[in-house]
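See below for the structure under consideration.
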Amino acid sequence: MRAYERLLKYAVVNTTSYDDREGTPTGEGQFVLAQLLAVEMETLGLEDVFIDEHAYTYGFLPATPGYEHCPAIGFISHLDTVDDCGGTDTHPQVIRSYDGGVIRLGGSGRVLDPEVFPHLKDCIGKTILTTDGTSVLGADDKAGISEIMTMCERLINERIPHGKISVCFTPDEEIGHGADLLDLEKFGADLAYTVDGSIPAEIDYENFNAAVARLTVRGVPIHPGTAKGRMINAMRVIMEANAMLPEGEVPEKTDGREGFYHLTGSRGNVTEAVAEYILRDHDADKFREKKEKMREITEALNRKYGEGTVTCKIKDQYRNMAEVIAEHPVVVEAALRAIRAAGLEPFSEPVRGGTDGAQLSFRGLPCPNLGTGGYACHGFYEHAVAEEMDTCVEILLQVVKEFAAM
């Protein structure tokens, strides 16, 4: 079975995760897909297939005889999809022998336009998977799941020699919890790859350092008619705090390795107001400076309006995996050779976000990220290219071969 055929099967399972729910997984549909995958893994011939109480789904291929000495390699993708654009009540479309024109997304009135998505101009004659314009497709990350499953099928059917292969499909990645409860001892891998990127030639091993910050202002409410010299309007103080941040260090004015302060929410009244930010930077020193800037603003406003007027809470989220990967260069070098063996020139760009691989790397499992052939994730225009998914499978197989040769 080709990877895109699996994606079509998995895409129709609603596996939305929800940031406002407690527990793991936050959407029961993730268990539905986990059960489907577990049955399929057992049918293919994977061993020790297991779903835990949080929907983490494990499967293993023991090393072929004579290859027990090779590093154990893990492959990870996530079950869930974002709670955007109608969730994943998904109705995929398959466009065969794409003619290079505009693709109409069902009856939604939306179109996939190659002028907006220029890579489509290189996809003439290929098979394109899209939504019907009413939901996400779910290629993020069911394309990755499909490719890992297809890789396993080919390893078994084609009797390709390999070391131990560990597979895990994780829940709730889209809300930042995919790596939280992955049992590394059970997983038993020495190195791993998340399969959750986009372009097949990419390998990601550098991501943001990340934190969330919350400013809370306690105002002094006074009748506006007698407020002079007495009122402290909490909302205006929040606005003042925001104005003290560097004007150009926001997402809409930065790219590459440039970090930012991103105001994600603000609410309140005269009495109390809250502003929430995410802080991001690839550079560890600059990241620390951003957190210190939030504290400096808090102290300055408290000097102006009185101690305790403004409080600031900062919580680290994840760190740049590059510092861990640098200590394990083989995990990147093997992937680079695998991508070249598939006829592509590999490239890497700093990820302007996070990845399960970052958390896993700092938990002791070096884990860069590979592409899937999926594009425009988290929106109505999400799509995947069947032939590029095939290429991603070839890259995964070549990664296995690289480690089997060690």
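Following the order of the structure tokens, chains are lettered A, B, ..., residues in each are numbered from 1, and ligands are numbered from 1.
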- Task: Please identify which residues in region 89-188 of chain A DSSP calls alpha helix (DSSP H) from the backbone, and express them as a list in words.
- Result: Ala139, Asp140, Asp141, Lys142, Ala143, Gly144, Ile145, Ser146, Glu147, Ile148, Met149, Thr150, Met151, Cys152, Glu153, Arg154, Leu155, Ile156, Asn157, Leu184, Glu185, Lys186 and Phe187 of chain A
I need the residues from that last selection saved to file as a CSV table (one decimal), in the first residue's frame (with N, CA and C atoms), if you can.
```csv
chain,number,residue,atom,x,y,z
A,139,ALA,N,-2.9,15.9,7.3
A,139,ALA,CA,-1.6,15.4,6.9
A,139,ALA,C,-0.6,15.7,8.0
A,140,ASP,N,-0.8,16.8,8.8
A,140,ASP,CA,0.0,17.1,10.0
A,140,ASP,C,-0.7,16.4,11.2
A,141,ASP,N,-0.4,15.2,11.6
A,141,ASP,CA,0.7,14.5,11.1
A,141,ASP,C,0.4,13.1,10.7
A,142,LYS,N,-0.8,12.9,10.1
A,142,LYS,CA,-1.1,11.6,9.6
A,142,LYS,C,-0.3,11.2,8.4
A,143,ALA,N,0.2,12.2,7.7
A,143,ALA,CA,1.2,11.8,6.6
A,143,ALA,C,2.4,11.1,7.2
A,144,GLY,N,2.9,11.7,8.3
A,144,GLY,CA,4.0,11.0,9.0
A,144,GLY,C,3.7,9.6,9.4
A,145,ILE,N,2.5,9.4,10.0
A,145,ILE,CA,2.1,8.1,10.5
A,145,ILE,C,2.1,7.2,9.3
A,146,SER,N,1.5,7.6,8.2
A,146,SER,CA,1.4,6.8,7.0
A,146,SER,C,2.7,6.4,6.4
A,147,GLU,N,3.7,7.3,6.5
A,147,GLU,CA,5.0,7.0,6.0
A,147,GLU,C,5.7,6.0,6.9
A,148,ILE,N,5.6,6.1,8.2
A,148,ILE,CA,6.2,5.2,9.1
A,148,ILE,C,5.6,3.8,8.9
A,149,MET,N,4.3,3.7,8.8
A,149,MET,CA,3.7,2.4,8.6
A,149,MET,C,4.1,1.8,7.3
A,150,THR,N,4.2,2.6,6.2
A,150,THR,CA,4.6,2.1,4.9
A,150,THR,C,6.1,1.6,5.0
A,151,MET,N,6.9,2.4,5.7
A,151,MET,CA,8.3,2.0,5.9
A,151,MET,C,8.3,0.6,6.5
A,152,CYS,N,7.6,0.4,7.6
A,152,CYS,CA,7.6,-0.9,8.3
A,152,CYS,C,7.1,-2.0,7.4
A,153,GLU,N,6.1,-1.7,6.7
A,153,GLU,CA,5.5,-2.8,5.7
A,153,GLU,C,6.6,-3.2,4.7
A,154,ARG,N,7.4,-2.2,4.2
A,154,ARG,CA,8.4,-2.6,3.2
A,154,ARG,C,9.6,-3.3,3.9
A,155,LEU,N,10.0,-2.8,5.1
A,155,LEU,CA,11.1,-3.5,5.8
A,155,LEU,C,10.8,-5.0,5.9
A,156,ILE,N,9.5,-5.3,6.3
A,156,ILE,CA,9.1,-6.7,6.5
A,156,ILE,C,9.0,-7.4,5.2
A,157,ASN,N,8.2,-6.9,4.2
A,157,ASN,CA,7.9,-7.6,3.0
A,157,ASN,C,9.1,-7.7,2.1
A,184,LEU,N,10.3,6.4,27.5
A,184,LEU,CA,11.5,6.2,26.8
A,184,LEU,C,12.2,4.8,27.1
A,185,GLU,N,12.0,4.3,28.3
A,185,GLU,CA,12.5,3.0,28.6
A,185,GLU,C,11.8,1.9,27.8
A,186,LYS,N,10.5,2.0,27.7
A,186,LYS,CA,9.7,1.1,26.9
A,186,LYS,C,10.1,1.3,25.4
A,187,PHE,N,10.2,2.5,25.0
A,187,PHE,CA,10.5,2.8,23.6
A,187,PHE,C,11.8,2.2,23.2
```
- Item | Distance query Asp285 (chain A) at most 12 Å, only C-alpha atoms, self and fewer than 6 positions along chain excluded, as a ChimeraX atom specification | /A:209,259,291-292,320
Next, the residues of the selection above should be written as a PDB file, in the first residue's frame with N, CA and C atoms.
```pdb
ATOM      1  N   ASN A 209      14.000  28.393  21.589  1.00  0.00           N
ATOM      2  CA  ASN A 209      13.789  28.333  23.030  1.00  0.00           C
ATOM      3  C   ASN A 209      12.458  29.042  23.281  1.00  0.00           C
ATOM      4  N   GLY A 259      14.224  36.272  17.114  1.00  0.00           N
ATOM      5  CA  GLY A 259      13.217  35.962  18.113  1.00  0.00           C
ATOM      6  C   GLY A 259      12.150  37.039  18.207  1.00  0.00           C
ATOM      7  N   LYS A 291      13.364  37.220  28.624  1.00  0.00           N
ATOM      8  CA  LYS A 291      12.698  36.994  29.906  1.00  0.00           C
ATOM      9  C   LYS A 291      13.056  38.097  30.898  1.00  0.00           C
ATOM     10  N   GLU A 292      14.315  38.532  30.857  1.00  0.00           N
ATOM     11  CA  GLU A 292      14.742  39.606  31.757  1.00  0.00           C
ATOM     12  C   GLU A 292      14.048  40.913  31.411  1.00  0.00           C
ATOM     13  N   ASN A 320      16.008  24.779  22.675  1.00  0.00           N
ATOM     14  CA  ASN A 320      16.535  24.535  21.337  1.00  0.00           C
ATOM     15  C   ASN A 320      17.283  23.208  21.320  1.00  0.00           C
TER      16      ASN A 320
END
```
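Take the candidates A:Asp196, A:Glu388, A:Glu296, A:Glu272 and check each one against Met244 (chain A) using only C-alpha atoms; the shortest distance goes to A:Glu296.
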- Between A:Gly163, A:Gly265, A:Gly178, A:Pro65, which has the minimum distance to Ala213 (chain A) (counting only C-alpha atoms)?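 Closest residue, counting only C-alpha atoms: A:Gly265.
Residue nearest Glu258 (chain A) within the list A:Gly353, A:Pro200, A:Gly125, A:Gly308: A:Gly353 [criterion: smallest interatomic distance, only C-alpha atoms].
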Using only C-alpha atoms, I'd like a table of the residues in region 64-134 of chain A that come within 8 Å of region 4-19 of chain A; for each, show the closest atom pair and its distance in Å rounded to one decimal, ordered by chain and ascending number, as a Markdown table.
```
| residue | atom | partner | partner_atom | distance |
| --- | --- | --- | --- | --- |
| A:Leu79 | CA | A:Thr15 | CA | 6.6 |
| A:Asp80 | CA | A:Thr15 | CA | 4.9 |
| A:Thr81 | CA | A:Thr16 | CA | 4.8 |
| A:Val82 | CA | A:Thr16 | CA | 5.6 |
| A:Asp83 | CA | A:Thr16 | CA | 5.6 |
| A:Gly87 | CA | A:Thr16 | CA | 5.9 |
| A:Thr88 | CA | A:Asn14 | CA | 4.9 |
| A:Asp89 | CA | A:Asn14 | CA | 5.9 |
| A:Thr90 | CA | A:Val12 | CA | 5.2 |
| A:His91 | CA | A:Val12 | CA | 6.7 |
| A:Pro92 | CA | A:Leu8 | CA | 6.9 |
```
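Residues with any atom within 10 Å of region 98-115 of chain A, counting only C-alpha atoms and excluding same-chain neighbours fewer than 5 positions away, are His91, Pro92, Gln93, Leu120, Lys121, Asp122, Cys123, Ile124, Gly125, Lys126, Thr127, Ile128, Thr130, Thr131, Asp132, Gly133, Thr134, Phe380, Tyr381, Glu382 and His383 of chain A.
Here CA of Leu263 (chain A) stands at a distance of 6.8 Å from CA of Ile278 (chain A).
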- Item | Selected residue of minimal separation from Pro329 (chain A) among A:Gly176, A:Pro368, A:Gly248, A:Gly23, counting only C-alpha atoms |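 Nearest candidate to Pro329 (chain A) out of A:Gly176, A:Pro368, A:Gly248, A:Gly23: A:Pro368.
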- Message: Neighbouring residues of region 167-175 of chain A were defined as those with any atom within 7 Å, considering only C-alpha atoms; residues of the same chain fewer than 4 positions away were excluded. Please report them as JSON, numbers by chain.
- Response: {"A": [17, 19, 25, 26, 30, 55, 56, 57, 58, 59, 60, 74, 75, 76, 77, 78, 79, 80, 81, 82]}
- Item | For CA of Ala334 (chain A) and CA of Glu387 (chain A), the interatomic separation in Å (one decimal) |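 Value for the CA of Ala334 (chain A)-CA of Glu387 (chain A) distance: 22.6 Å.
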- Query: Taking the backbone alone, and naming residues the way the document does, which bits of region 105-251 of chain A are strand (DSSP E or B) by DSSP, as JSON, numbers by chain?
  - Reply: {"A": [111, 112, 128, 129, 130, 165, 166, 167, 168, 169, 170, 191, 192, 193, 194, 195, 202, 203, 204, 207, 209, 210, 211, 212, 213, 214, 215, 216, 217, 218, 220, 232]}
